[in-house]
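A.B. asks: My structure file model_19.cif, mmCIF, C-alpha atoms (C1' of nucleotides), is below:
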```cif
data_query
loop_
_atom_site.label_atom_id
_atom_site.label_comp_id
_atom_site.auth_asym_id
_atom_site.auth_seq_id
_atom_site.Cartn_x
_atom_site.Cartn_y
_atom_site.Cartn_z
CA MET A 15 22.06 -23.96 -5.71
CA GLN A 16 21.95 -22.34 -9.09
CA ASN A 17 20.52 -24.50 -11.86
CA THR A 18 21.68 -22.39 -14.79
CA PRO A 19 25.23 -21.10 -15.02
CA LEU A 20 25.53 -17.35 -14.75
CA SER A 21 27.01 -15.44 -17.64
CA ARG A 22 26.34 -12.30 -19.62
CA GLU A 23 24.21 -14.30 -22.00
CA THR A 24 21.98 -15.84 -19.36
CA LEU A 25 21.78 -12.60 -17.40
CA LEU A 26 20.81 -10.28 -20.23
CA PRO A 27 17.28 -11.60 -20.92
CA PRO A 28 15.90 -11.10 -17.39
CA LEU A 29 17.74 -7.80 -17.14
CA ALA A 30 16.16 -6.64 -20.39
CA ALA A 31 12.74 -7.70 -19.16
CA HIS A 32 13.21 -5.70 -15.99
CA VAL A 33 14.37 -2.63 -17.88
CA LEU A 34 11.49 -2.86 -20.34
CA GLU A 35 9.11 -2.81 -17.42
CA HIS A 36 10.74 -0.31 -15.11
CA GLY A 37 12.84 1.86 -17.35
CA LEU A 38 16.51 2.62 -17.62
CA GLY A 39 16.68 5.77 -15.56
CA GLY A 40 15.77 4.22 -12.25
CA ALA A 41 17.59 0.99 -12.95
CA SER A 42 20.04 0.35 -10.13
CA LEU A 43 22.13 -2.71 -9.51
CA ARG A 44 20.24 -4.30 -6.67
CA PRO A 45 16.78 -4.34 -8.27
CA LEU A 46 18.36 -5.47 -11.53
CA ALA A 47 20.16 -8.27 -9.73
CA LYS A 48 16.99 -9.31 -7.97
CA ALA A 49 15.18 -9.50 -11.30
CA ALA A 50 17.94 -11.77 -12.58
CA GLY A 51 17.98 -13.89 -9.44
CA THR A 52 21.45 -12.83 -8.35
CA SER A 53 23.21 -10.18 -6.35
CA ASP A 54 24.65 -6.84 -7.36
CA ARG A 55 27.99 -8.42 -6.55
CA MET A 56 27.56 -10.83 -9.46
CA LEU A 57 26.44 -8.18 -11.93
CA ILE A 58 29.62 -6.24 -11.30
CA TYR A 59 31.61 -9.46 -11.52
CA HIS A 60 30.22 -10.39 -14.91
CA PHE A 61 30.02 -6.93 -16.49
CA GLY A 62 32.82 -5.07 -14.76
CA ASN A 63 30.81 -1.99 -13.92
CA LYS A 64 27.37 -0.56 -14.37
CA GLU A 65 28.19 1.47 -17.45
CA THR A 66 29.20 -1.53 -19.55
CA LEU A 67 26.26 -3.45 -18.14
CA ILE A 68 23.92 -0.80 -19.51
CA SER A 69 25.79 -0.64 -22.81
CA ASP A 70 25.61 -4.40 -23.25
CA LEU A 71 21.97 -4.34 -22.25
CA LEU A 72 21.14 -1.65 -24.79
CA GLU A 73 22.93 -3.58 -27.48
CA TYR A 74 21.02 -6.69 -26.53
CA ILE A 75 17.70 -4.84 -26.54
CA ALA A 76 18.50 -3.36 -29.94
CA GLY A 77 19.01 -6.92 -31.11
CA ILE A 78 15.65 -8.08 -29.79
CA TYR A 79 14.03 -5.13 -31.47
CA SER A 80 15.56 -5.96 -34.83
CA ALA A 81 14.53 -9.59 -34.53
CA GLY A 82 11.02 -8.49 -33.63
CA LEU A 83 10.83 -6.30 -36.70
CA ASP A 84 11.85 -9.14 -38.97
CA ALA A 85 9.40 -11.51 -37.32
CA GLY A 86 6.53 -9.04 -37.39
CA MET A 87 6.88 -8.33 -41.09
CA GLY A 88 3.64 -9.25 -42.77
CA THR A 89 3.67 -11.48 -45.81
CA GLU A 90 1.74 -9.35 -48.25
CA ARG A 91 3.18 -6.09 -49.40
CA ALA A 92 1.35 -2.81 -49.04
CA ALA A 93 0.21 -1.19 -52.28
CA THR A 94 0.59 2.47 -51.30
CA ARG A 95 2.62 4.58 -48.94
CA GLN A 96 -0.52 5.31 -46.96
CA GLU A 97 -0.96 1.60 -46.42
CA VAL A 98 2.63 1.19 -45.27
CA LEU A 99 2.22 4.06 -42.86
CA ALA A 100 -1.10 2.81 -41.54
CA LYS A 101 0.27 -0.68 -41.06
CA ILE A 102 3.27 0.50 -39.09
CA LEU A 103 1.35 2.95 -36.96
CA ALA A 104 -1.16 0.22 -36.17
CA GLN A 105 1.70 -2.00 -35.09
CA GLY A 106 2.99 0.79 -32.85
CA ARG A 107 -0.39 1.00 -31.17
CA GLU A 108 -0.36 -2.63 -30.10
CA PRO A 109 -0.13 -3.13 -26.34
CA MET A 110 2.83 -5.47 -26.75
CA MET A 111 4.84 -2.61 -28.23
CA GLN A 112 4.13 -0.10 -25.47
CA PRO A 113 6.98 -0.98 -23.10
CA PHE A 114 9.31 -0.85 -26.04
CA LEU A 115 8.12 2.60 -27.05
CA VAL A 116 8.38 3.93 -23.53
CA LEU A 117 11.91 2.63 -23.29
CA TRP A 118 12.65 4.03 -26.70
CA TRP A 119 12.13 7.62 -25.59
CA GLU A 120 14.43 7.05 -22.69
CA ILE A 121 17.06 5.85 -25.13
CA VAL A 122 16.52 8.89 -27.33
CA ALA A 123 16.88 11.15 -24.31
CA GLY A 124 20.09 9.41 -23.28
CA SER A 125 21.35 9.67 -26.81
CA ALA A 126 20.63 13.39 -26.96
CA ARG A 127 22.43 13.89 -23.66
CA GLY A 128 25.42 11.86 -24.80
CA ILE A 129 25.28 9.10 -22.20
CA PRO A 130 27.71 6.33 -23.25
CA GLY A 131 26.09 3.51 -25.17
CA TYR A 132 22.78 5.20 -25.83
CA LYS A 133 23.52 6.84 -29.13
CA GLU A 134 24.96 3.63 -30.55
CA ALA A 135 21.90 1.62 -29.59
CA ALA A 136 19.51 4.28 -30.86
CA ALA A 137 21.28 4.71 -34.18
CA GLU A 138 21.42 0.94 -34.61
CA MET A 139 17.70 0.61 -34.02
CA MET A 140 16.93 3.41 -36.45
CA THR A 141 19.17 1.94 -39.12
CA ARG A 142 17.43 -1.40 -38.76
CA GLN A 143 14.01 0.16 -38.87
CA LEU A 144 14.94 2.11 -41.96
CA ALA A 145 16.21 -1.01 -43.72
CA TRP A 146 13.07 -2.88 -42.78
CA LEU A 147 10.95 0.00 -43.96
CA GLU A 148 12.61 -0.07 -47.38
CA THR A 149 11.55 -3.68 -47.82
CA GLN A 150 8.00 -2.67 -46.98
CA MET A 151 7.65 0.04 -49.60
CA PRO A 152 5.14 -0.48 -52.41
CA ALA A 153 6.51 -2.40 -55.38
CA ASP A 154 5.73 0.43 -57.78
CA ASP A 155 7.02 3.24 -55.57
CA PRO A 156 8.92 5.78 -57.64
CA ASP A 157 11.56 6.33 -54.95
CA PRO A 158 11.59 3.57 -52.33
CA VAL A 159 14.80 4.72 -50.68
CA GLY A 160 13.85 8.35 -50.26
CA GLY A 161 10.27 7.36 -49.55
CA ALA A 162 11.32 5.11 -46.70
CA ARG A 163 13.27 7.98 -45.15
CA TYR A 164 10.32 10.28 -45.58
CA LEU A 165 7.97 7.77 -43.99
CA LEU A 166 10.40 7.13 -41.14
CA THR A 167 10.44 10.83 -40.36
CA LEU A 168 6.66 10.93 -40.35
CA ILE A 169 6.44 7.79 -38.23
CA GLU A 170 8.82 9.04 -35.57
CA GLY A 171 7.12 12.41 -35.47
CA THR A 172 3.79 10.68 -35.05
CA LEU A 173 5.09 8.46 -32.27
CA MET A 174 6.57 11.44 -30.47
CA LEU A 175 3.36 13.39 -30.64
CA GLY A 176 1.57 10.31 -29.36
CA ALA A 177 3.96 10.07 -26.44
CA VAL A 178 3.07 13.57 -25.27
CA GLY A 179 -0.68 13.23 -25.71
CA HIS A 180 -0.87 14.77 -29.16
CA ALA A 181 -1.72 11.64 -31.13
CA ARG A 182 -4.69 13.45 -32.58
CA THR A 183 -2.52 16.27 -33.87
CA ALA A 184 -0.38 13.81 -35.78
CA ARG A 185 -3.41 11.99 -37.16
CA GLU A 186 -4.89 15.21 -38.50
CA GLY A 187 -1.53 16.18 -39.91
CA LEU A 188 -1.24 12.91 -41.81
CA LEU A 189 -4.75 13.34 -43.16
CA ALA A 190 -3.72 16.73 -44.49
CA SER A 191 -0.79 15.32 -46.42
CA ASP A 192 -1.02 13.38 -49.61
CA LEU A 193 2.12 11.22 -49.32
CA SER A 194 2.15 10.87 -53.07
CA GLY A 195 5.90 10.73 -53.47
CA ASP A 196 6.40 12.91 -56.49
CA MET B 22 22.87 37.42 4.20
CA GLN B 23 20.37 36.96 1.42
CA ASN B 24 19.82 40.04 -0.70
CA THR B 25 16.74 38.80 -2.54
CA PRO B 26 13.84 37.21 -0.71
CA LEU B 27 13.40 33.53 -1.43
CA SER B 28 10.19 32.35 -3.02
CA ARG B 29 9.08 30.02 -5.75
CA GLU B 30 9.32 32.84 -8.23
CA THR B 31 12.88 33.82 -7.38
CA LEU B 32 13.98 30.20 -7.10
CA LEU B 33 12.64 28.94 -10.40
CA PRO B 34 14.97 30.81 -12.80
CA PRO B 35 18.26 29.47 -11.37
CA LEU B 36 16.69 26.04 -10.97
CA ALA B 37 15.64 26.07 -14.62
CA ALA B 38 19.12 27.13 -15.67
CA HIS B 39 20.63 24.26 -13.74
CA VAL B 40 18.20 21.75 -15.20
CA LEU B 41 18.78 23.02 -18.73
CA GLU B 42 22.46 22.42 -18.25
CA HIS B 43 22.49 19.16 -16.29
CA GLY B 44 19.21 17.51 -17.14
CA LEU B 45 16.21 16.44 -15.15
CA GLY B 46 17.11 12.84 -14.51
CA GLY B 47 20.11 13.44 -12.34
CA ALA B 48 18.66 16.51 -10.69
CA SER B 49 18.74 16.00 -6.94
CA LEU B 50 17.89 18.48 -4.26
CA ARG B 51 21.34 19.40 -3.02
CA PRO B 52 22.87 20.35 -6.39
CA LEU B 53 19.67 22.16 -7.31
CA ALA B 54 19.78 24.08 -4.05
CA LYS B 55 23.41 24.95 -4.55
CA ALA B 56 22.60 26.32 -8.02
CA ALA B 57 19.94 28.50 -6.46
CA GLY B 58 22.17 29.61 -3.60
CA THR B 59 20.18 27.86 -0.91
CA SER B 60 19.89 24.56 0.88
CA ASP B 61 17.78 21.50 0.13
CA ARG B 62 15.97 22.36 3.31
CA MET B 63 14.63 25.55 1.70
CA LEU B 64 13.61 23.88 -1.54
CA ILE B 65 11.44 21.47 0.40
CA TYR B 66 10.13 24.34 2.48
CA HIS B 67 9.04 26.37 -0.53
CA PHE B 68 7.82 23.55 -2.77
CA GLY B 69 6.67 20.96 -0.28
CA ASN B 70 8.41 18.05 -1.91
CA LYS B 71 10.56 17.23 -4.87
CA GLU B 72 7.70 16.10 -7.07
CA THR B 73 5.90 19.43 -7.00
CA LEU B 74 9.22 21.21 -7.38
CA ILE B 75 9.78 19.36 -10.65
CA SER B 76 6.22 19.93 -11.76
CA ASP B 77 6.45 23.65 -11.09
CA LEU B 78 9.83 23.73 -12.78
CA LEU B 79 8.50 22.02 -15.89
CA GLU B 80 5.60 24.42 -16.03
CA TYR B 81 8.00 27.32 -15.71
CA ILE B 82 10.26 25.96 -18.43
CA ALA B 83 7.28 25.45 -20.72
CA GLY B 84 6.51 29.11 -20.13
CA ILE B 85 10.01 30.21 -21.09
CA TYR B 86 9.79 28.11 -24.18
CA SER B 87 6.54 29.68 -25.27
CA ALA B 88 7.89 33.15 -24.66
CA GLY B 89 10.97 32.28 -26.67
CA LEU B 90 8.85 31.10 -29.56
CA ASP B 91 6.89 34.33 -29.63
CA ALA B 92 10.05 36.41 -29.41
CA GLY B 93 11.89 34.42 -32.04
CA MET B 94 9.16 34.73 -34.60
CA GLY B 95 10.58 36.44 -37.65
CA THR B 96 8.80 39.40 -39.13
CA GLU B 97 8.41 38.31 -42.71
CA ARG B 98 6.21 35.38 -43.51
CA ALA B 99 7.45 32.37 -45.43
CA ALA B 100 5.98 31.89 -48.90
CA THR B 101 5.93 28.10 -49.02
CA ARG B 102 5.75 25.16 -46.68
CA GLN B 103 9.31 24.27 -47.57
CA GLU B 104 10.40 27.69 -46.40
CA VAL B 105 8.53 27.36 -43.12
CA LEU B 106 10.10 23.98 -42.54
CA ALA B 107 13.59 25.16 -43.44
CA LYS B 108 13.27 28.19 -41.20
CA ILE B 109 12.20 26.15 -38.19
CA LEU B 110 14.77 23.44 -38.68
CA ALA B 111 17.46 26.09 -39.01
CA GLN B 112 16.29 27.55 -35.73
CA GLY B 113 16.50 24.11 -34.12
CA ARG B 114 20.09 23.81 -35.23
CA GLU B 115 21.17 26.96 -33.42
CA PRO B 116 23.53 26.34 -30.49
CA MET B 117 21.32 28.33 -28.18
CA MET B 118 18.54 25.82 -28.70
CA GLN B 119 20.59 22.71 -27.96
CA PRO B 120 20.13 22.56 -24.17
CA PHE B 121 16.44 22.99 -24.75
CA LEU B 122 16.30 20.15 -27.22
CA VAL B 123 18.27 17.84 -24.99
CA LEU B 124 15.93 18.60 -22.13
CA TRP B 125 12.98 18.16 -24.44
CA TRP B 126 13.70 14.49 -25.02
CA GLU B 127 13.95 13.93 -21.34
CA ILE B 128 10.52 15.49 -20.96
CA VAL B 129 9.15 13.30 -23.73
CA ALA B 130 10.60 10.23 -22.05
CA GLY B 131 9.08 11.22 -18.72
CA SER B 132 5.78 11.87 -20.44
CA ALA B 133 5.81 8.45 -22.08
CA ARG B 134 6.56 6.83 -18.74
CA GLY B 135 3.80 8.74 -16.99
CA ILE B 136 5.93 10.61 -14.47
CA PRO B 137 3.74 13.27 -12.82
CA GLY B 138 4.00 16.70 -14.41
CA TYR B 139 5.86 15.66 -17.51
CA LYS B 140 2.95 14.98 -19.81
CA GLU B 141 1.29 18.27 -18.92
CA ALA B 142 4.43 20.25 -19.68
CA ALA B 143 5.11 18.37 -22.90
CA ALA B 144 1.55 18.71 -24.17
CA GLU B 145 1.56 22.40 -23.30
CA MET B 146 4.77 22.96 -25.22
CA MET B 147 3.43 21.10 -28.24
CA THR B 148 0.18 22.99 -28.19
CA ARG B 149 2.08 26.27 -28.12
CA GLN B 150 4.38 25.21 -30.90
CA LEU B 151 1.43 24.14 -33.01
CA ALA B 152 -0.34 27.44 -32.50
CA TRP B 153 2.82 29.31 -33.36
CA LEU B 154 3.31 27.16 -36.41
CA GLU B 155 -0.16 28.02 -37.68
CA THR B 156 0.74 31.69 -37.63
CA GLN B 157 3.82 30.91 -39.68
CA MET B 158 2.07 29.12 -42.51
CA PRO B 159 2.16 30.71 -45.96
CA ALA B 160 -0.62 33.23 -46.55
CA ASP B 161 -1.94 31.33 -49.56
CA ASP B 162 -1.77 27.87 -47.99
CA PRO B 163 -4.83 25.82 -48.95
CA ASP B 164 -5.07 24.24 -45.47
CA PRO B 165 -3.06 26.09 -42.85
CA VAL B 166 -4.49 24.18 -39.89
CA GLY B 167 -3.90 20.71 -41.28
CA GLY B 168 -0.67 21.85 -42.87
CA ALA B 169 0.68 23.04 -39.54
CA ARG B 170 -0.08 19.65 -38.00
CA TYR B 171 1.61 17.93 -40.89
CA LEU B 172 4.66 20.12 -40.63
CA LEU B 173 4.81 19.63 -36.86
CA THR B 174 4.90 15.88 -37.35
CA LEU B 175 7.71 16.22 -39.86
CA ILE B 176 9.61 18.62 -37.62
CA GLU B 177 9.45 16.39 -34.57
CA GLY B 178 10.41 13.35 -36.58
CA THR B 179 13.35 15.24 -37.98
CA LEU B 180 14.45 16.41 -34.55
CA MET B 181 14.22 12.89 -33.17
CA LEU B 182 16.27 11.44 -35.98
CA GLY B 183 18.79 14.18 -35.38
CA ALA B 184 18.96 13.31 -31.69
CA VAL B 185 20.00 9.75 -32.47
CA GLY B 186 22.53 10.61 -35.13
CA HIS B 187 20.25 10.18 -38.13
CA ALA B 188 19.93 13.80 -39.17
CA ARG B 189 20.98 12.82 -42.64
CA THR B 190 18.20 10.27 -42.91
CA ALA B 191 15.63 12.92 -42.12
CA ARG B 192 17.17 15.38 -44.56
CA GLU B 193 17.04 12.88 -47.38
CA GLY B 194 13.48 12.01 -46.44
CA LEU B 195 12.39 15.62 -46.62
CA LEU B 196 14.06 15.98 -50.00
CA ALA B 197 12.04 13.02 -51.23
CA SER B 198 8.74 14.60 -50.23
CA ASP B 199 7.04 17.39 -52.06
CA LEU B 200 5.14 19.03 -49.18
CA SER B 201 2.68 20.44 -51.69
CA GLY B 202 -0.35 20.27 -49.45
CA ASP B 203 -3.02 19.02 -51.84
"C1'" DA C 8 45.25 -36.03 -3.94
"C1'" DG C 9 46.69 -31.51 -4.65
"C1'" DC C 10 46.55 -27.09 -7.13
"C1'" DG C 11 45.13 -23.10 -9.40
"C1'" DA C 12 41.45 -20.70 -11.70
"C1'" DT C 13 36.73 -19.49 -11.76
"C1'" DA C 14 32.59 -18.37 -9.40
"C1'" DT C 15 29.77 -16.95 -5.52
"C1'" DG C 16 28.13 -15.39 -0.62
"C1'" DT C 17 28.56 -12.00 3.29
"C1'" DA C 18 29.60 -7.73 5.00
"C1'" DG C 19 30.64 -3.40 4.49
"C1'" DC C 20 32.33 1.35 2.92
"C1'" DA C 21 31.91 6.13 1.49
"C1'" DG C 22 28.89 8.95 -0.44
"C1'" DG C 23 24.31 10.45 -2.05
"C1'" DT C 24 18.94 10.45 -1.58
"C1'" DG C 25 14.57 12.92 0.06
"C1'" DC C 26 13.02 14.62 4.00
"C1'" DT C 27 12.43 16.02 9.08
"C1'" DA C 28 13.16 17.60 14.08
"C1'" DC C 29 14.60 21.32 16.53
"C1'" DA C 30 15.96 25.71 17.43
"C1'" DA C 31 16.54 30.35 16.41
"C1'" DG C 32 16.34 34.75 13.96
"C1'" DG C 33 13.42 38.53 12.32
"C1'" DA C 34 9.39 40.92 11.18
"C1'" DT C 35 4.79 42.20 12.48
"C1'" DA C 36 0.66 42.77 15.27
"C1'" DA C 37 -1.44 43.24 19.95
"C1'" DT D 13 6.74 44.56 25.39
"C1'" DT D 14 5.05 40.35 24.39
"C1'" DA D 15 3.24 37.07 21.32
"C1'" DT D 16 2.96 35.09 16.81
"C1'" DC D 17 4.14 33.78 12.44
"C1'" DC D 18 7.20 33.39 8.58
"C1'" DT D 19 11.62 32.06 7.30
"C1'" DT D 20 16.09 29.94 7.75
"C1'" DG D 21 20.34 27.16 9.64
"C1'" DT D 22 22.24 22.89 11.68
"C1'" DA D 23 22.05 17.98 12.32
"C1'" DG D 24 20.59 14.12 11.36
"C1'" DC D 25 17.78 9.84 9.94
"C1'" DA D 26 16.85 5.84 7.23
"C1'" DC D 27 17.65 4.29 3.02
"C1'" DC D 28 19.86 3.65 -1.48
"C1'" DT D 29 24.05 4.08 -4.66
"C1'" DG D 30 28.01 1.65 -7.09
"C1'" DC D 31 31.58 -0.98 -5.75
"C1'" DT D 32 35.07 -3.76 -2.93
"C1'" DA D 33 37.59 -6.92 0.60
"C1'" DC D 34 37.59 -11.23 2.15
"C1'" DA D 35 36.42 -15.84 2.62
"C1'" DT D 36 34.67 -19.76 0.61
"C1'" DA D 37 33.03 -23.17 -2.69
"C1'" DT D 38 33.45 -25.62 -6.93
"C1'" DC D 39 35.60 -27.14 -10.96
"C1'" DG D 40 39.04 -29.08 -14.28
"C1'" DC D 41 43.76 -30.50 -14.61
"C1'" DT D 42 48.02 -32.86 -13.48
#
```
Could I get this structure in the form of structure tokens?

C.D. replies:
Amino acid sequence: MQNTPLSRETLLPPLAAHVLEHGLGGASLRPLAKAAGTSDRMLIYHFGNKETLISDLLEYIAGIYSAGLDAGMGTERAATRQEVLAKILAQGREPMMQPFLVLWWEIVAGSARGIPGYKEAAAEMMTRQLAWLETQMPADDPDPVGGARYLLTLIEGTLMLGAVGHARTAREGLLASDLSGD
Amino acid sequence: MQNTPLSRETLLPPLAAHVLEHGLGGASLRPLAKAAGTSDRMLIYHFGNKETLISDLLEYIAGIYSAGLDAGMGTERAATRQEVLAKILAQGREPMMQPFLVLWWEIVAGSARGIPGYKEAAAEMMTRQLAWLETQMPADDPDPVGGARYLLTLIEGTLMLGAVGHARTAREGLLASDLSGD
DNA sequence: AGCGATATGTAGCAGGTGCTACAAGGATAA
DNA sequence: TTATCCTTGTAGCACCTGCTACATATCGCT
């Protein structure tokens, strides 16, 4: 009956799609299995238990995210930190990114609460974003490494405020800063 | 048997304590009721359903948080933005604040996902924190309103990075900024 | 052809979920 | 006293939870 052989590799993409749409918190085996065209029985068979399923899934999603960052990197370099910031925040406002952002806060929450697998995935994604951000810094930036960390802090703060309906607060805060870097 | 009459008001404090310790995600009626010394039956009776229970609880917790901010406000004013930032981040590192922070990310996640009641509570808490932050700005700050928004963005970004194990990244980022304000 | 390993379907278990039906206590008002 | 309303306890329902026992089916290998 099945056309494609079942394995972790073939299962993870539809599982990730389901989680991106419906979230991690309410993700239970039977809906997940349905999204992957299988049964809960098979998910347990291939992953052992739910906890490692979620861990593997988070790792996989972190991988997609990293790949997406690399792919979405524009060709021309920004000239100022403001431009870098504006470019990234604009990217975060794109509809395509929304499910990712929503899931992201769930991962942060799980990480803060110490749920197995969450902190690893979250830290991995942040490390990747930081590395990517360093490549995006202006060519003449006096301190690209520190600047990237500074911008990352501002970006995450802005995203958080946006998530709770305070996008305007963050925008006004950024306007009130100069971002000069020295 | 019961010494204190049951009502929303008497139920909310023990419920909030339970949620601060065990989180919102896994909070189900029977454990919540047990923490409050009642039965799930009574929780439904007094709140109607679980959704309004959680909404009321979030509102109540937001209230505690605001009160705590007011109470925790030091007497002497900081002289520079760096001092304000350092003071607040030090406060966020206190053990007493940890359950609150952990819960906070769950609220942010719920807000981002649009779960009823979460966005209201989160926005309320941010509004309060912003107002409090404005009162904390240095007396000679050139732009206390914008500066408070800027600092709030930095604070939340720092807290988020801390939640995912990147506290050091945020610290280095803040060192690389000057925070001057003009 | 026979055999063992891998893979999958069906059924089900023990426990948890939000919520409700029903009855009964207790206070209060007539 | 009787009637009424507010509050509470006991059972229970229908469903969902992760996971498992058991029986097949399918495959490569000898």

A.B. asks: List the residues selected by the PyMOL selection byres ((chain A) within 12 of (chain C)) in the file shown, writing them as a PyMOL selection string.

C.D. replies: chain A and resi 15-16+19-21+52-57+59-60

A.B. asks: Only residues of chain A matter here; which ones have an atom within 7 Å of chain B, counting all atoms listed in the file? Give them as a VMD selection string.

C.D. replies: chain A and resid 116 119 to 120 122 to 123 125 to 127 133 136 to 137 160 to 161 163 to 164 167 to 168 170 to 172 177 to 180 183 to 184 186 to 188 190 to 192 195 to 196

A.B. asks: Next, write the just-selected residues to a file, as a PDB file, in the frame of the given file, keeping C-alpha atoms as the atom set.

C.D. replies:
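Below you can see again.pdb, which holds the result:
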```pdb
ATOM      1  CA  VAL A 116       8.380   3.930 -23.530  1.00  0.00           C
ATOM      2  CA  TRP A 119      12.130   7.620 -25.590  1.00  0.00           C
ATOM      3  CA  GLU A 120      14.430   7.050 -22.690  1.00  0.00           C
ATOM      4  CA  VAL A 122      16.520   8.890 -27.330  1.00  0.00           C
ATOM      5  CA  ALA A 123      16.880  11.150 -24.310  1.00  0.00           C
ATOM      6  CA  SER A 125      21.350   9.670 -26.810  1.00  0.00           C
ATOM      7  CA  ALA A 126      20.630  13.390 -26.960  1.00  0.00           C
ATOM      8  CA  ARG A 127      22.430  13.890 -23.660  1.00  0.00           C
ATOM      9  CA  LYS A 133      23.520   6.840 -29.130  1.00  0.00           C
ATOM     10  CA  ALA A 136      19.510   4.280 -30.860  1.00  0.00           C
ATOM     11  CA  ALA A 137      21.280   4.710 -34.180  1.00  0.00           C
ATOM     12  CA  GLY A 160      13.850   8.350 -50.260  1.00  0.00           C
ATOM     13  CA  GLY A 161      10.270   7.360 -49.550  1.00  0.00           C
ATOM     14  CA  ARG A 163      13.270   7.980 -45.150  1.00  0.00           C
ATOM     15  CA  TYR A 164      10.320  10.280 -45.580  1.00  0.00           C
ATOM     16  CA  THR A 167      10.440  10.830 -40.360  1.00  0.00           C
ATOM     17  CA  LEU A 168       6.660  10.930 -40.350  1.00  0.00           C
ATOM     18  CA  GLU A 170       8.820   9.040 -35.570  1.00  0.00           C
ATOM     19  CA  GLY A 171       7.120  12.410 -35.470  1.00  0.00           C
ATOM     20  CA  THR A 172       3.790  10.680 -35.050  1.00  0.00           C
ATOM     21  CA  ALA A 177       3.960  10.070 -26.440  1.00  0.00           C
ATOM     22  CA  VAL A 178       3.070  13.570 -25.270  1.00  0.00           C
ATOM     23  CA  GLY A 179      -0.680  13.230 -25.710  1.00  0.00           C
ATOM     24  CA  HIS A 180      -0.870  14.770 -29.160  1.00  0.00           C
ATOM     25  CA  THR A 183      -2.520  16.270 -33.870  1.00  0.00           C
ATOM     26  CA  ALA A 184      -0.380  13.810 -35.780  1.00  0.00           C
ATOM     27  CA  GLU A 186      -4.890  15.210 -38.500  1.00  0.00           C
ATOM     28  CA  GLY A 187      -1.530  16.180 -39.910  1.00  0.00           C
ATOM     29  CA  LEU A 188      -1.240  12.910 -41.810  1.00  0.00           C
ATOM     30  CA  ALA A 190      -3.720  16.730 -44.490  1.00  0.00           C
ATOM     31  CA  SER A 191      -0.790  15.320 -46.420  1.00  0.00           C
ATOM     32  CA  ASP A 192      -1.020  13.380 -49.610  1.00  0.00           C
ATOM     33  CA  GLY A 195       5.900  10.730 -53.470  1.00  0.00           C
ATOM     34  CA  ASP A 196       6.400  12.910 -56.490  1.00  0.00           C
TER      35      ASP A 196
END
```

A.B. asks: Would you list the contacts of Leu46 in chain A as a short mmCIF file (atom, residue, chain, number, x, y, z; two decimals) with C-alpha atoms, keeping the file's coordinate frame, taking every protein, DNA or RNA residue within 7 Å and counting all atoms listed in the file, but skipping same-chain residues closer than 5 positions in sequence?

C.D. replies:
```
data_model
loop_
_atom_site.label_atom_id
_atom_site.label_comp_id
_atom_site.auth_asym_id
_atom_site.auth_seq_id
_atom_site.Cartn_x
_atom_site.Cartn_y
_atom_site.Cartn_z
CA LEU A 29 17.74 -7.80 -17.14
CA HIS A 32 13.21 -5.70 -15.99
CA ALA A 41 17.59 0.99 -12.95
#
```

A.B. asks: May I ask you to extract the residues of chain D within 10 Å of chain A, using only C-alpha atoms (C1' of nucleotides), and to give them as a list in words?

C.D. replies: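 Those within range of chain A come out as DC28, DT29, DG30, DC31 and DT32 of chain D.
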
A.B. asks: Between CA of Ala57 in chain B and CA of Ala37 in chain B, what is the spacing in Å?

C.D. replies: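 If I compute the distance from CA of Ala37 in chain B to CA of Ala57 in chain B, I get 9.5 Å.
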
A.B. asks: Determine the residue set returned by the PyMOL selection byres ((chain A and resi 89-96) around 7) for the present structure, and present it as a PyMOL selection string.

C.D. replies: chain A and resi 87-88+97-100+150-152+193

A.B. asks: For the atom pair CA of Ala81 in chain A and CA of Arg142 in chain A, what is the interatomic distance in Å to one decimal place?

C.D. replies: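 Going from CA of Ala81 in chain A over to CA of Arg142 in chain A covers 9.7 Å.
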
A.B. asks: Could you state the separation of CA of Gly113 in chain B and CA of Ala160 in chain B in Å, given to one decimal place?

C.D. replies: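 Interatomic distance here is 23.0 Å.
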
A.B. asks: For Ile129 in chain A, which residue out of A:Leu38, A:Leu25, A:Ala31, A:Ala85 is the nearest one, using all atoms listed in the file?

C.D. replies: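 Of A:Leu38, A:Leu25, A:Ala31, A:Ala85, the one nearest Ile129 in chain A, counting all atoms listed in the file, is A:Leu38.
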